[in-house]
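One file, entry09.pdb, carrying PDB, C-alpha atoms, pLDDT in the B column:
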```pdb
MODEL        1
ATOM      1  CA  MET A1104      20.551  97.975 116.020  1.00 76.00           C
ATOM      2  CA  LYS A1105      21.379 101.393 117.392  1.00 85.00           C
ATOM      3  CA  GLN A1106      22.332 101.636 121.049  1.00 94.00           C
ATOM      4  CA  PHE A1107      20.699 104.556 122.832  1.00 97.00           C
ATOM      5  CA  PRO A1108      21.750 106.697 125.777  1.00 97.00           C
ATOM      6  CA  VAL A1109      19.201 106.039 128.523  1.00 97.00           C
ATOM      7  CA  ALA A1110      17.884 108.477 131.109  1.00 98.00           C
ATOM      8  CA  ILE A1111      15.249 108.221 133.816  1.00 98.00           C
ATOM      9  CA  GLN A1112      12.110 110.197 134.528  1.00 97.00           C
ATOM     10  CA  PRO A1113      12.274 110.771 138.296  1.00 96.00           C
ATOM     11  CA  TYR A1114       8.521 110.393 138.789  1.00 95.00           C
ATOM     12  CA  THR A1115       9.589 106.779 139.397  1.00 97.00           C
ATOM     13  CA  ILE A1116      11.399 107.892 142.573  1.00 98.00           C
ATOM     14  CA  ARG A1117       9.230 110.871 143.487  1.00 96.00           C
ATOM     15  CA  LYS A1118       8.858 109.862 147.151  1.00 96.00           C
ATOM     16  CA  GLU A1119      12.573 109.180 147.540  1.00 96.00           C
ATOM     17  CA  LEU A1120      13.521 112.476 145.892  1.00 96.00           C
ATOM     18  CA  ALA A1121      11.170 114.377 148.170  1.00 95.00           C
ATOM     19  CA  GLU A1122      12.702 112.785 151.269  1.00 96.00           C
ATOM     20  CA  HIS A1123      16.387 112.450 150.333  1.00 96.00           C
ATOM     21  CA  TYR A1124      17.062 114.472 147.189  1.00 97.00           C
ATOM     22  CA  GLU A1125      20.831 114.118 146.815  1.00 97.00           C
ATOM     23  CA  ASP A1126      20.920 110.497 147.969  1.00 98.00           C
ATOM     24  CA  ALA A1127      18.207 109.540 145.469  1.00 98.00           C
ATOM     25  CA  LEU A1128      20.154 111.091 142.589  1.00 98.00           C
ATOM     26  CA  ARG A1129      23.329 109.330 143.730  1.00 98.00           C
ATOM     27  CA  LYS A1130      21.517 105.983 143.658  1.00 98.00           C
ATOM     28  CA  VAL A1131      20.296 106.638 140.098  1.00 98.00           C
ATOM     29  CA  ALA A1132      23.840 107.427 138.976  1.00 98.00           C
ATOM     30  CA  ALA A1133      25.198 104.383 140.795  1.00 98.00           C
ATOM     31  CA  ILE A1134      22.900 102.114 138.782  1.00 98.00           C
ATOM     32  CA  GLY A1135      24.553 103.508 135.659  1.00 97.00           C
ATOM     33  CA  TYR A1136      22.030 105.894 134.108  1.00 98.00           C
ATOM     34  CA  CYS A1137      23.599 108.850 132.331  1.00 97.00           C
ATOM     35  CA  GLY A1138      20.635 111.203 131.967  1.00 97.00           C
ATOM     36  CA  ILE A1139      17.574 112.482 133.758  1.00 98.00           C
ATOM     37  CA  GLU A1140      14.480 114.563 133.039  1.00 97.00           C
ATOM     38  CA  LEU A1141      14.561 117.061 135.863  1.00 95.00           C
ATOM     39  CA  GLY A1142      12.996 120.330 136.886  1.00 93.00           C
ATOM     40  CA  PRO A1143      14.033 123.061 139.306  1.00 93.00           C
ATOM     41  CA  PRO A1144      15.479 121.845 142.619  1.00 94.00           C
ATOM     42  CA  PRO A1145      13.600 121.788 145.927  1.00 93.00           C
ATOM     43  CA  LYS A1146      13.752 124.664 148.372  1.00 93.00           C
ATOM     44  CA  GLY A1147      17.170 125.009 149.939  1.00 93.00           C
ATOM     45  CA  ILE A1148      19.122 123.964 146.832  1.00 95.00           C
ATOM     46  CA  THR A1149      20.080 126.486 144.158  1.00 97.00           C
ATOM     47  CA  ILE A1150      20.097 125.642 140.465  1.00 97.00           C
ATOM     48  CA  ALA A1151      23.877 126.122 140.475  1.00 97.00           C
ATOM     49  CA  GLU A1152      24.177 123.597 143.325  1.00 97.00           C
ATOM     50  CA  GLN A1153      21.833 121.206 141.503  1.00 97.00           C
ATOM     51  CA  LYS A1154      23.933 121.473 138.344  1.00 98.00           C
ATOM     52  CA  SER A1155      27.163 120.912 140.273  1.00 98.00           C
ATOM     53  CA  LEU A1156      25.707 117.761 141.851  1.00 98.00           C
ATOM     54  CA  LEU A1157      24.465 116.429 138.521  1.00 98.00           C
ATOM     55  CA  ASP A1158      27.814 117.138 136.867  1.00 98.00           C
ATOM     56  CA  ARG A1159      29.644 115.239 139.619  1.00 98.00           C
ATOM     57  CA  LEU A1160      27.261 112.300 139.219  1.00 98.00           C
ATOM     58  CA  GLY A1161      27.485 112.254 135.425  1.00 97.00           C
ATOM     59  CA  LEU A1162      23.758 112.869 135.001  1.00 98.00           C
ATOM     60  CA  ARG A1163      22.831 115.026 132.011  1.00 97.00           C
ATOM     61  CA  VAL A1164      19.508 116.892 132.043  1.00 97.00           C
ATOM     62  CA  VAL A1165      17.888 115.725 128.811  1.00 97.00           C
ATOM     63  CA  GLY A1166      14.769 117.795 129.377  1.00 96.00           C
ATOM     64  CA  THR A1167      12.365 119.319 131.850  1.00 95.00           C
ATOM     65  CA  HIS A1168       9.048 117.531 132.224  1.00 85.00           C
ATOM     66  CA  ALA A1169       6.087 119.390 133.697  1.00 81.00           C
ATOM     67  CA  GLY A1170       2.372 118.704 133.879  1.00 76.00           C
ATOM     68  CA  PHE A1171      -0.400 121.213 133.295  1.00 73.00           C
ATOM     69  CA  ASP A1172      -4.168 120.945 133.406  1.00 73.00           C
ATOM     70  CA  THR A1173      -4.125 124.019 131.163  1.00 74.00           C
ATOM     71  CA  LEU A1174      -1.443 125.531 128.960  1.00 83.00           C
ATOM     72  CA  ASP A1175      -1.387 128.830 130.846  1.00 83.00           C
ATOM     73  CA  PHE A1176       2.218 129.100 131.940  1.00 86.00           C
ATOM     74  CA  ASP A1177       5.203 131.297 131.179  1.00 91.00           C
ATOM     75  CA  PRO A1178       7.704 129.543 128.872  1.00 94.00           C
ATOM     76  CA  ASP A1179      10.447 131.970 129.898  1.00 95.00           C
ATOM     77  CA  VAL A1180      10.445 130.566 133.442  1.00 94.00           C
ATOM     78  CA  TYR A1181      11.330 127.110 132.136  1.00 94.00           C
ATOM     79  CA  ALA A1182      13.644 128.395 129.403  1.00 96.00           C
ATOM     80  CA  ASP A1183      15.592 130.320 132.049  1.00 97.00           C
ATOM     81  CA  TYR A1184      15.948 127.158 134.110  1.00 96.00           C
ATOM     82  CA  LEU A1185      17.090 125.148 131.094  1.00 97.00           C
ATOM     83  CA  ASP A1186      19.652 127.817 130.224  1.00 97.00           C
ATOM     84  CA  GLU A1187      21.148 127.551 133.686  1.00 97.00           C
ATOM     85  CA  ILE A1188      21.024 123.770 134.059  1.00 97.00           C
ATOM     86  CA  GLY A1189      22.268 123.080 130.529  1.00 95.00           C
ATOM     87  CA  GLY A1190      19.136 121.505 129.064  1.00 95.00           C
ATOM     88  CA  GLU A1191      17.424 122.171 125.757  1.00 96.00           C
ATOM     89  CA  ARG A1192      14.007 120.454 125.814  1.00 98.00           C
ATOM     90  CA  PHE A1193      10.732 121.144 127.598  1.00 97.00           C
ATOM     91  CA  VAL A1194       7.956 118.539 127.734  1.00 96.00           C
ATOM     92  CA  ALA A1195       4.318 119.359 128.499  1.00 92.00           C
ATOM     93  CA  ILE A1196       1.894 116.701 129.730  1.00 85.00           C
ATOM     94  CA  SER A1197      -1.474 116.108 131.384  1.00 70.00           C
ATOM     95  CA  LEU A1198      -3.905 117.784 129.034  1.00 76.00           C
ATOM     96  CA  ARG A1199      -7.489 116.523 129.043  1.00 86.00           C
ATOM     97  CA  PHE A1200      -9.842 116.969 126.141  1.00 92.00           C
ATOM     98  CA  ALA A1201     -13.597 117.523 126.295  1.00 93.00           C
ATOM     99  CA  SER A1202     -14.362 117.669 122.577  1.00 95.00           C
ATOM    100  CA  LYS A1203     -12.773 117.932 119.143  1.00 97.00           C
ATOM    101  CA  ALA A1204     -13.095 121.712 119.378  1.00 97.00           C
ATOM    102  CA  ASP A1205     -11.145 121.545 122.633  1.00 94.00           C
ATOM    103  CA  VAL A1206      -8.420 119.490 120.936  1.00 95.00           C
ATOM    104  CA  LEU A1207      -8.157 122.039 118.122  1.00 96.00           C
ATOM    105  CA  GLU A1208      -8.022 124.928 120.589  1.00 94.00           C
ATOM    106  CA  LYS A1209      -5.244 123.275 122.548  1.00 93.00           C
ATOM    107  CA  ALA A1210      -3.337 122.424 119.375  1.00 95.00           C
ATOM    108  CA  ALA A1211      -3.339 126.126 118.516  1.00 95.00           C
ATOM    109  CA  LYS A1212      -2.060 126.895 122.014  1.00 93.00           C
ATOM    110  CA  LEU A1213       0.697 124.282 121.635  1.00 95.00           C
ATOM    111  CA  ASN A1214       1.823 126.028 118.453  1.00 97.00           C
ATOM    112  CA  GLN A1215       1.956 129.353 120.276  1.00 95.00           C
ATOM    113  CA  LEU A1216       3.996 127.887 123.099  1.00 95.00           C
ATOM    114  CA  GLY A1217       6.256 126.111 120.640  1.00 97.00           C
ATOM    115  CA  GLU A1218       7.044 129.416 118.979  1.00 98.00           C
ATOM    116  CA  ARG A1219       7.810 131.006 122.344  1.00 97.00           C
ATOM    117  CA  PHE A1220      10.198 128.176 123.190  1.00 97.00           C
ATOM    118  CA  ARG A1221      11.749 128.257 119.716  1.00 98.00           C
ATOM    119  CA  GLN A1222      12.658 131.889 120.306  1.00 98.00           C
ATOM    120  CA  ARG A1223      14.608 130.717 123.365  1.00 97.00           C
ATOM    121  CA  ASP A1224      16.318 127.834 121.474  1.00 98.00           C
ATOM    122  CA  VAL A1225      14.326 125.249 123.446  1.00 98.00           C
ATOM    123  CA  THR A1226      12.661 122.261 121.773  1.00 98.00           C
ATOM    124  CA  PHE A1227       9.029 121.927 122.873  1.00 97.00           C
ATOM    125  CA  LEU A1228       7.541 118.424 123.108  1.00 97.00           C
ATOM    126  CA  TYR A1229       4.155 116.966 123.946  1.00 96.00           C
ATOM    127  CA  HIS A1230       3.991 113.758 126.009  1.00 96.00           C
ATOM    128  CA  ASN A1231       1.070 111.358 125.599  1.00 96.00           C
ATOM    129  CA  HIS A1232      -0.878 109.221 128.023  1.00 95.00           C
ATOM    130  CA  ASN A1233      -3.664 106.800 127.136  1.00 96.00           C
ATOM    131  CA  TRP A1234      -6.381 109.442 127.033  1.00 94.00           C
ATOM    132  CA  GLU A1235      -4.950 110.822 123.789  1.00 96.00           C
ATOM    133  CA  PHE A1236      -6.352 107.613 122.287  1.00 97.00           C
ATOM    134  CA  GLU A1237      -9.909 108.690 122.861  1.00 96.00           C
ATOM    135  CA  GLN A1238     -11.585 109.443 119.535  1.00 97.00           C
ATOM    136  CA  PHE A1239     -13.481 112.374 118.097  1.00 97.00           C
ATOM    137  CA  ASP A1240     -15.045 111.895 114.657  1.00 96.00           C
ATOM    138  CA  GLY A1241     -13.275 108.528 114.420  1.00 96.00           C
ATOM    139  CA  GLU A1242      -9.797 109.973 114.941  1.00 97.00           C
ATOM    140  CA  TYR A1243      -7.465 109.668 117.910  1.00 97.00           C
ATOM    141  CA  VAL A1244      -6.810 112.849 119.859  1.00 96.00           C
ATOM    142  CA  LEU A1245      -3.052 112.387 119.446  1.00 97.00           C
ATOM    143  CA  ASP A1246      -3.389 112.222 115.662  1.00 98.00           C
ATOM    144  CA  ILE A1247      -5.463 115.406 115.620  1.00 97.00           C
ATOM    145  CA  LEU A1248      -2.995 117.213 117.872  1.00 96.00           C
ATOM    146  CA  MET A1249       0.002 116.252 115.772  1.00 97.00           C
ATOM    147  CA  ARG A1250      -1.750 117.062 112.482  1.00 98.00           C
ATOM    148  CA  GLU A1251      -2.774 120.483 113.753  1.00 98.00           C
ATOM    149  CA  THR A1252       0.610 121.437 115.181  1.00 98.00           C
ATOM    150  CA  ASP A1253       3.698 122.536 113.296  1.00 98.00           C
ATOM    151  CA  PRO A1254       6.462 119.891 113.500  1.00 97.00           C
ATOM    152  CA  SER A1255       9.051 122.668 113.668  1.00 98.00           C
ATOM    153  CA  LEU A1256       7.357 123.983 116.831  1.00 98.00           C
ATOM    154  CA  VAL A1257       5.863 120.905 118.542  1.00 98.00           C
ATOM    155  CA  GLN A1258       7.713 117.586 118.790  1.00 98.00           C
ATOM    156  CA  THR A1259       6.533 114.450 120.597  1.00 97.00           C
ATOM    157  CA  GLU A1260       7.720 112.445 123.545  1.00 98.00           C
ATOM    158  CA  LEU A1261       5.897 109.189 122.880  1.00 98.00           C
ATOM    159  CA  ASP A1262       5.324 106.718 125.716  1.00 98.00           C
ATOM    160  CA  THR A1263       5.375 103.012 124.886  1.00 98.00           C
ATOM    161  CA  TYR A1264       3.187 101.897 127.791  1.00 98.00           C
ATOM    162  CA  TRP A1265       0.522 104.559 127.416  1.00 98.00           C
ATOM    163  CA  ILE A1266       0.234 103.997 123.660  1.00 98.00           C
ATOM    164  CA  ALA A1267      -0.303 100.278 124.278  1.00 98.00           C
ATOM    165  CA  ARG A1268      -2.690 101.014 127.157  1.00 97.00           C
ATOM    166  CA  GLY A1269      -4.644 103.219 124.763  1.00 97.00           C
ATOM    167  CA  GLY A1270      -5.068 100.247 122.429  1.00 97.00           C
ATOM    168  CA  ALA A1271      -2.542 101.317 119.778  1.00 98.00           C
ATOM    169  CA  ASP A1272       0.896 100.080 118.694  1.00 98.00           C
ATOM    170  CA  PRO A1273       4.004 101.946 119.912  1.00 98.00           C
ATOM    171  CA  ILE A1274       5.976 100.797 116.865  1.00 98.00           C
ATOM    172  CA  GLU A1275       3.332 102.152 114.503  1.00 98.00           C
ATOM    173  CA  TYR A1276       3.392 105.519 116.281  1.00 98.00           C
ATOM    174  CA  LEU A1277       7.159 105.757 116.159  1.00 98.00           C
ATOM    175  CA  ARG A1278       6.918 105.211 112.410  1.00 98.00           C
ATOM    176  CA  LYS A1279       4.056 107.680 112.104  1.00 97.00           C
ATOM    177  CA  PHE A1280       5.970 110.458 113.863  1.00 98.00           C
ATOM    178  CA  ALA A1281       9.434 109.694 112.498  1.00 97.00           C
ATOM    179  CA  GLY A1282      11.606 112.793 112.650  1.00 97.00           C
ATOM    180  CA  ARG A1283       9.352 114.262 115.325  1.00 98.00           C
ATOM    181  CA  ALA A1284      10.169 112.068 118.330  1.00 97.00           C
ATOM    182  CA  PRO A1285      13.577 112.926 119.839  1.00 98.00           C
ATOM    183  CA  LEU A1286      12.681 111.540 123.278  1.00 98.00           C
ATOM    184  CA  LEU A1287      10.950 108.223 123.993  1.00 98.00           C
ATOM    185  CA  HIS A1288       9.520 107.157 127.336  1.00 98.00           C
ATOM    186  CA  ILE A1289       9.957 103.412 127.702  1.00 98.00           C
ATOM    187  CA  LYS A1290       7.739 101.425 130.057  1.00 97.00           C
ATOM    188  CA  ASP A1291       6.748  97.797 129.931  1.00 98.00           C
ATOM    189  CA  MET A1292       3.352  96.262 130.663  1.00 98.00           C
ATOM    190  CA  GLU A1293       2.540  93.092 132.577  1.00 98.00           C
ATOM    191  CA  ALA A1294       0.435  90.448 130.858  1.00 96.00           C
ATOM    192  CA  GLY A1295      -3.156  90.196 132.045  1.00 94.00           C
ATOM    193  CA  ASP A1296      -6.232  92.350 132.349  1.00 95.00           C
ATOM    194  CA  GLU A1297      -4.698  94.643 134.966  1.00 96.00           C
ATOM    195  CA  GLN A1298      -2.099  95.904 132.454  1.00 97.00           C
ATOM    196  CA  ALA A1299       0.168  96.831 135.361  1.00 97.00           C
ATOM    197  CA  PHE A1300       3.455  98.657 134.899  1.00 98.00           C
ATOM    198  CA  ALA A1301       6.490  96.380 134.562  1.00 98.00           C
ATOM    199  CA  GLU A1302      10.244  96.758 134.430  1.00 98.00           C
ATOM    200  CA  ILE A1303      11.667  96.890 130.901  1.00 98.00           C
ATOM    201  CA  GLY A1304      12.005  93.343 129.572  1.00 97.00           C
ATOM    202  CA  GLU A1305       9.681  91.885 132.204  1.00 98.00           C
ATOM    203  CA  GLY A1306       6.428  92.483 130.350  1.00 98.00           C
ATOM    204  CA  VAL A1307       4.773  91.980 126.990  1.00 98.00           C
ATOM    205  CA  LEU A1308       6.217  94.828 124.897  1.00 98.00           C
ATOM    206  CA  ASP A1309       8.909  93.983 122.336  1.00 98.00           C
ATOM    207  CA  PHE A1310      11.691  96.448 123.064  1.00 97.00           C
ATOM    208  CA  VAL A1311      14.031  95.135 120.388  1.00 97.00           C
ATOM    209  CA  GLU A1312      11.451  96.006 117.743  1.00 97.00           C
ATOM    210  CA  ILE A1313      10.656  99.250 119.546  1.00 98.00           C
ATOM    211  CA  ALA A1314      14.374 100.112 119.467  1.00 97.00           C
ATOM    212  CA  ASN A1315      14.542  99.363 115.753  1.00 97.00           C
ATOM    213  CA  ALA A1316      11.575 101.640 115.106  1.00 98.00           C
ATOM    214  CA  ALA A1317      13.071 104.280 117.415  1.00 98.00           C
ATOM    215  CA  GLU A1318      16.273 104.279 115.395  1.00 97.00           C
ATOM    216  CA  GLN A1319      14.322 104.878 112.190  1.00 97.00           C
ATOM    217  CA  ALA A1320      12.256 107.577 113.907  1.00 98.00           C
ATOM    218  CA  GLY A1321      15.338 109.527 114.996  1.00 98.00           C
ATOM    219  CA  VAL A1322      14.940 109.009 118.740  1.00 98.00           C
ATOM    220  CA  GLN A1323      17.928 110.507 120.564  1.00 97.00           C
ATOM    221  CA  TRP A1324      17.242 109.415 124.160  1.00 98.00           C
ATOM    222  CA  MET A1325      15.253 106.620 125.727  1.00 98.00           C
ATOM    223  CA  ILE A1326      13.852 107.478 129.139  1.00 98.00           C
ATOM    224  CA  VAL A1327      12.869 104.834 131.687  1.00 98.00           C
ATOM    225  CA  GLU A1328       9.816 105.615 133.778  1.00 97.00           C
ATOM    226  CA  GLN A1329       7.760 103.273 135.930  1.00 97.00           C
ATOM    227  CA  ASP A1330       4.803 105.087 137.447  1.00 96.00           C
ATOM    228  CA  VAL A1331       4.080 102.343 139.996  1.00 97.00           C
ATOM    229  CA  CYS A1332       6.665  99.821 141.195  1.00 97.00           C
ATOM    230  CA  LYS A1333       5.815  96.604 143.040  1.00 96.00           C
ATOM    231  CA  ARG A1334       9.444  96.489 144.214  1.00 97.00           C
ATOM    232  CA  ASP A1335      11.680  99.151 145.678  1.00 98.00           C
ATOM    233  CA  PRO A1336      11.804 101.740 142.853  1.00 98.00           C
ATOM    234  CA  PHE A1337      15.601 101.705 142.704  1.00 98.00           C
ATOM    235  CA  GLU A1338      15.498  97.931 142.294  1.00 98.00           C
ATOM    236  CA  SER A1339      12.977  98.372 139.474  1.00 98.00           C
ATOM    237  CA  LEU A1340      15.248 100.937 137.787  1.00 98.00           C
ATOM    238  CA  ALA A1341      18.192  98.551 138.144  1.00 98.00           C
ATOM    239  CA  ILE A1342      16.240  95.648 136.602  1.00 98.00           C
ATOM    240  CA  SER A1343      15.244  97.842 133.641  1.00 98.00           C
ATOM    241  CA  TYR A1344      18.866  98.975 133.259  1.00 98.00           C
ATOM    242  CA  ARG A1345      20.241  95.411 133.253  1.00 97.00           C
ATOM    243  CA  ASN A1346      17.596  94.209 130.814  1.00 98.00           C
ATOM    244  CA  LEU A1347      18.321  97.073 128.420  1.00 97.00           C
ATOM    245  CA  GLN A1348      21.970  96.015 128.525  1.00 96.00           C
ATOM    246  CA  LYS A1349      21.056  92.363 127.855  1.00 96.00           C
ATOM    247  CA  LEU A1350      18.856  93.355 124.936  1.00 96.00           C
ATOM    248  CA  GLY A1351      21.696  95.359 123.411  1.00 95.00           C
ATOM    249  CA  ILE A1352      19.667  98.564 123.396  1.00 95.00           C
ATOM    250  CA  MET A1353      21.662 100.707 125.820  1.00 89.00           C
ATOM    251  CA  ALA A1354      24.756 102.641 124.794  1.00 89.00           C
ATOM    252  CA  GLN A1355      27.674 102.147 127.167  1.00 74.00           C
ATOM    253  CA  GLY A1356      29.526 105.022 128.790  1.00 56.00           C
TER     254      GLY A1356
ENDMDL
END
```
Before we go any further, please render this structure as structure tokens.
Amino acid sequence: MKQFPVAIQPYTIRKELAEHYEDALRKVAAIGYCGIELGPPPKGITIAEQKSLLDRLGLRVVGTHAGFDTLDFDPDVYADYLDEIGGERFVAISLRFASKADVLEKAAKLNQLGERFRQRDVTFLYHNHNWEFEQFDGEYVLDILMRETDPSLVQTELDTYWIARGGADPIEYLRKFAGRAPLLHIKDMEAGDEQAFAEIGEGVLDFVEIANAAEQAGVQWMIVEQDVCKRDPFESLAISYRNLQKLGIMAQG
């Protein structure tokens, strides 16, 4: 089984980052993570200072992750940031879909944005939640989006938890989008009707099989995110880190 470099998505520590930015990043690095999905720094910190801090901590920016209710944004703003911070991937999230026509319209927009990012040597990815597993004409939104977008312009950042929460199989979707899924968000799910978020290895998802499918799909980075933690979020990140080590999934160093 391939061992993957593992990053974090800092939504897990959003409160801590907002209150103590540098200290929060130091704690992530101290756990052992080697990558992070990160956007522009807060007011008072320049991008150059952010990059210097990340370099000292050994945290590589594996992508910039931003949410949009629409797709009306300027790709050059994010491409400029990625140029300066040393990243090469941009991930869009948080679309909602009112109809199949709306899905098709947004797929066309994703292609346009993908071309804009391609011109800047940035890989453009789309990140799913569970609402992409609503159906129009008997077909999941995510399947329509990926069929209607050009793989050379629009890649995917699949999310194990949200696929399962949507009633589908993360392993099946890794196989379905093999070659189109360079980043994978990994989240576990507690047993029971609540389907609460869980630390990796503490829930019901089979991450050994997910890792095997990820290897075949060409995943380059796994990214730990836990939207809601019942423990201190740094403790949750540490538990996920240790369990990934125990499972033999995480690359060392």
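Computed from the coordinates, the atom CA of A:Arg1117 to atom CA of A:Gln1323 distance equals 24.5 Å.
Atom CA of A:Ile1303 is positioned 28.5 Å from atom CA of A:Lys1154.
Using only C-alpha atoms, the shortest contact distance between A:Phe1310 and any of A:Ser1339, A:Gln1153, A:Lys1279, A:Gln1348 is found at A:Gln1348.
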Rounded to one decimal place, report the atom CA of A:Asn1346-atom CA of A:Phe1107 distance in Å. 13.4 Å
Would you mind listing, for every residue of stretch 1139-1203 of chain A within 8 Å of stretch 1207-1226 of chain A, the two atoms forming the shortest contact and the distance between them in Å to one decimal, using all atoms listed in the file, sorted by chain and ascending residue number, as a tab-separated table?
```
residue	atom	partner	partner_atom	distance
A:Leu1174	CA	A:Lys1212	CA	7.1
A:Pro1178	CA	A:Phe1220	CA	6.4
A:Asp1179	CA	A:Phe1220	CA	7.7
A:Ala1182	CA	A:Arg1223	CA	6.5
A:Glu1191	CA	A:Val1225	CA	4.9
A:Arg1192	CA	A:Thr1226	CA	4.6
A:Phe1193	CA	A:Thr1226	CA	6.2
A:Lys1203	CA	A:Leu1207	CA	6.3
```
Run the PyMOL selection byres ((chain A and resi 1275) around 12) on the file and write out the hits as a ChimeraX atom specification. /A:1261,1263,1266-1267,1270-1274,1276-1281,1312-1313,1315-1317,1319-1320
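With distances restricted to only C-alpha atoms, A:Glu1302 is the closest residue to A:Glu1338 from A:Asp1126, A:Asp1186, A:Glu1302, A:Arg1159.
Residue neighbourhood of A:Lys1130, excluding near-sequence residues (fewer than 6 positions): Tyr1136, Leu1160, Phe1337, Leu1340 and Ala1341 of chain A, at 10 Å, using all atoms listed in the file.
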Dump of C-alpha atoms for the selected residues, as a PDB file, in the coordinates of the input:
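What follows is the written file again04.pdb:
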```
ATOM      1  CA  TYR A1136      22.030 105.894 134.108  1.00 98.00           C
ATOM      2  CA  LEU A1160      27.261 112.300 139.219  1.00 98.00           C
ATOM      3  CA  PHE A1337      15.601 101.705 142.704  1.00 98.00           C
ATOM      4  CA  LEU A1340      15.248 100.937 137.787  1.00 98.00           C
ATOM      5  CA  ALA A1341      18.192  98.551 138.144  1.00 98.00           C
TER       6      ALA A1341
END
```
If the PyMOL selection byres ((chain A and resi 1244-1252) around 7) were run on this exact file, what residues would it hold? Put them as a PyMOL selection string. chain A and resi 1206+1210-1211+1214+1235-1239+1242-1243+1253-1254+1257
What's around A:Ile1111 at 10 Å? Count all atoms listed in the file, leave out sequence neighbours fewer than 4 positions away in its own chain, and write the answer as a PyMOL selection string. chain A and resi 1115-1116+1131+1136-1141+1162+1164-1165+1288-1289+1324-1329+1340+1344
Please save C-alpha atoms of the selected residues as a short mmCIF file (atom, residue, chain, number, x, y, z; two decimals), in the frame of the given file.
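Listed below is the output, out_6.cif:
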```
data_model
loop_
_atom_site.label_atom_id
_atom_site.label_comp_id
_atom_site.auth_asym_id
_atom_site.auth_seq_id
_atom_site.Cartn_x
_atom_site.Cartn_y
_atom_site.Cartn_z
CA THR A 1115 9.59 106.78 139.40
CA ILE A 1116 11.40 107.89 142.57
CA VAL A 1131 20.30 106.64 140.10
CA TYR A 1136 22.03 105.89 134.11
CA CYS A 1137 23.60 108.85 132.33
CA GLY A 1138 20.64 111.20 131.97
CA ILE A 1139 17.57 112.48 133.76
CA GLU A 1140 14.48 114.56 133.04
CA LEU A 1141 14.56 117.06 135.86
CA LEU A 1162 23.76 112.87 135.00
CA VAL A 1164 19.51 116.89 132.04
CA VAL A 1165 17.89 115.72 128.81
CA HIS A 1288 9.52 107.16 127.34
CA ILE A 1289 9.96 103.41 127.70
CA TRP A 1324 17.24 109.42 124.16
CA MET A 1325 15.25 106.62 125.73
CA ILE A 1326 13.85 107.48 129.14
CA VAL A 1327 12.87 104.83 131.69
CA GLU A 1328 9.82 105.62 133.78
CA GLN A 1329 7.76 103.27 135.93
CA LEU A 1340 15.25 100.94 137.79
CA TYR A 1344 18.87 98.98 133.26
#
```
If you apply the PyMOL selection byres ((chain A and resi 1355) around 12) to this file, what residues do you get, as a PDB file with C-alpha atoms, keeping the file's coordinate frame?
```
ATOM      1  CA  LYS A1105      21.379 101.393 117.392  1.00 85.00           C
ATOM      2  CA  GLN A1106      22.332 101.636 121.049  1.00 94.00           C
ATOM      3  CA  PHE A1107      20.699 104.556 122.832  1.00 97.00           C
ATOM      4  CA  PRO A1108      21.750 106.697 125.777  1.00 97.00           C
ATOM      5  CA  VAL A1109      19.201 106.039 128.523  1.00 97.00           C
ATOM      6  CA  GLY A1135      24.553 103.508 135.659  1.00 97.00           C
ATOM      7  CA  TYR A1136      22.030 105.894 134.108  1.00 98.00           C
ATOM      8  CA  CYS A1137      23.599 108.850 132.331  1.00 97.00           C
ATOM      9  CA  TYR A1344      18.866  98.975 133.259  1.00 98.00           C
ATOM     10  CA  ARG A1345      20.241  95.411 133.253  1.00 97.00           C
ATOM     11  CA  LEU A1347      18.321  97.073 128.420  1.00 97.00           C
ATOM     12  CA  GLN A1348      21.970  96.015 128.525  1.00 96.00           C
ATOM     13  CA  LYS A1349      21.056  92.363 127.855  1.00 96.00           C
ATOM     14  CA  GLY A1351      21.696  95.359 123.411  1.00 95.00           C
ATOM     15  CA  ILE A1352      19.667  98.564 123.396  1.00 95.00           C
ATOM     16  CA  MET A1353      21.662 100.707 125.820  1.00 89.00           C
ATOM     17  CA  ALA A1354      24.756 102.641 124.794  1.00 89.00           C
ATOM     18  CA  GLY A1356      29.526 105.022 128.790  1.00 56.00           C
TER      19      GLY A1356
END
```
Adding 4 Å on each side of the box along x, y and z that holds all listed atoms of stretch 1286-1297 of chain A, could you give its centre and edge lengths in Å to one decimal, as JSON?
```
{"center_x": 3.2, "center_y": 100.9, "center_z": 129.1, "size_x": 26.9, "size_y": 29.3, "size_z": 19.7}
```
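Distances here use only C-alpha atoms; by that measure, the residue among A:Met1104, A:Ile1148, A:Val1194, A:Val1311 closest to A:Tyr1124 is A:Ile1148.
Polymer residues near (0.2, 116.9, 134.7): counting only C-alpha atoms with a cut-off of 6 Å, they are Gly1170, Phe1171, Ile1196 and Ser1197 of chain A.
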For C-alpha atoms, I'd like the residues from the last selection saved as a PDB file, in the frame of the given file.
```pdb
ATOM      1  CA  GLY A1170       2.372 118.704 133.879  1.00 76.00           C
ATOM      2  CA  PHE A1171      -0.400 121.213 133.295  1.00 73.00           C
ATOM      3  CA  ILE A1196       1.894 116.701 129.730  1.00 85.00           C
ATOM      4  CA  SER A1197      -1.474 116.108 131.384  1.00 70.00           C
TER       5      SER A1197
END
```
Quick one: everything within 12 Å of A:Thr1149, counting all atoms listed in the file, minus sequence neighbours fewer than 5 positions away in the same chain. Send it as number ranges by chain. A: 1142-1144, 1154-1156, 1184, 1187-1188
Please dump the current selection as a PDB file, in the coordinates of the input; keep C-alpha atoms.
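Okay, this is what ended up in again_9.pdb:
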```
ATOM      1  CA  GLY A1142      12.996 120.330 136.886  1.00 93.00           C
ATOM      2  CA  PRO A1143      14.033 123.061 139.306  1.00 93.00           C
ATOM      3  CA  PRO A1144      15.479 121.845 142.619  1.00 94.00           C
ATOM      4  CA  LYS A1154      23.933 121.473 138.344  1.00 98.00           C
ATOM      5  CA  SER A1155      27.163 120.912 140.273  1.00 98.00           C
ATOM      6  CA  LEU A1156      25.707 117.761 141.851  1.00 98.00           C
ATOM      7  CA  TYR A1184      15.948 127.158 134.110  1.00 96.00           C
ATOM      8  CA  GLU A1187      21.148 127.551 133.686  1.00 97.00           C
ATOM      9  CA  ILE A1188      21.024 123.770 134.059  1.00 97.00           C
TER      10      ILE A1188
END
```
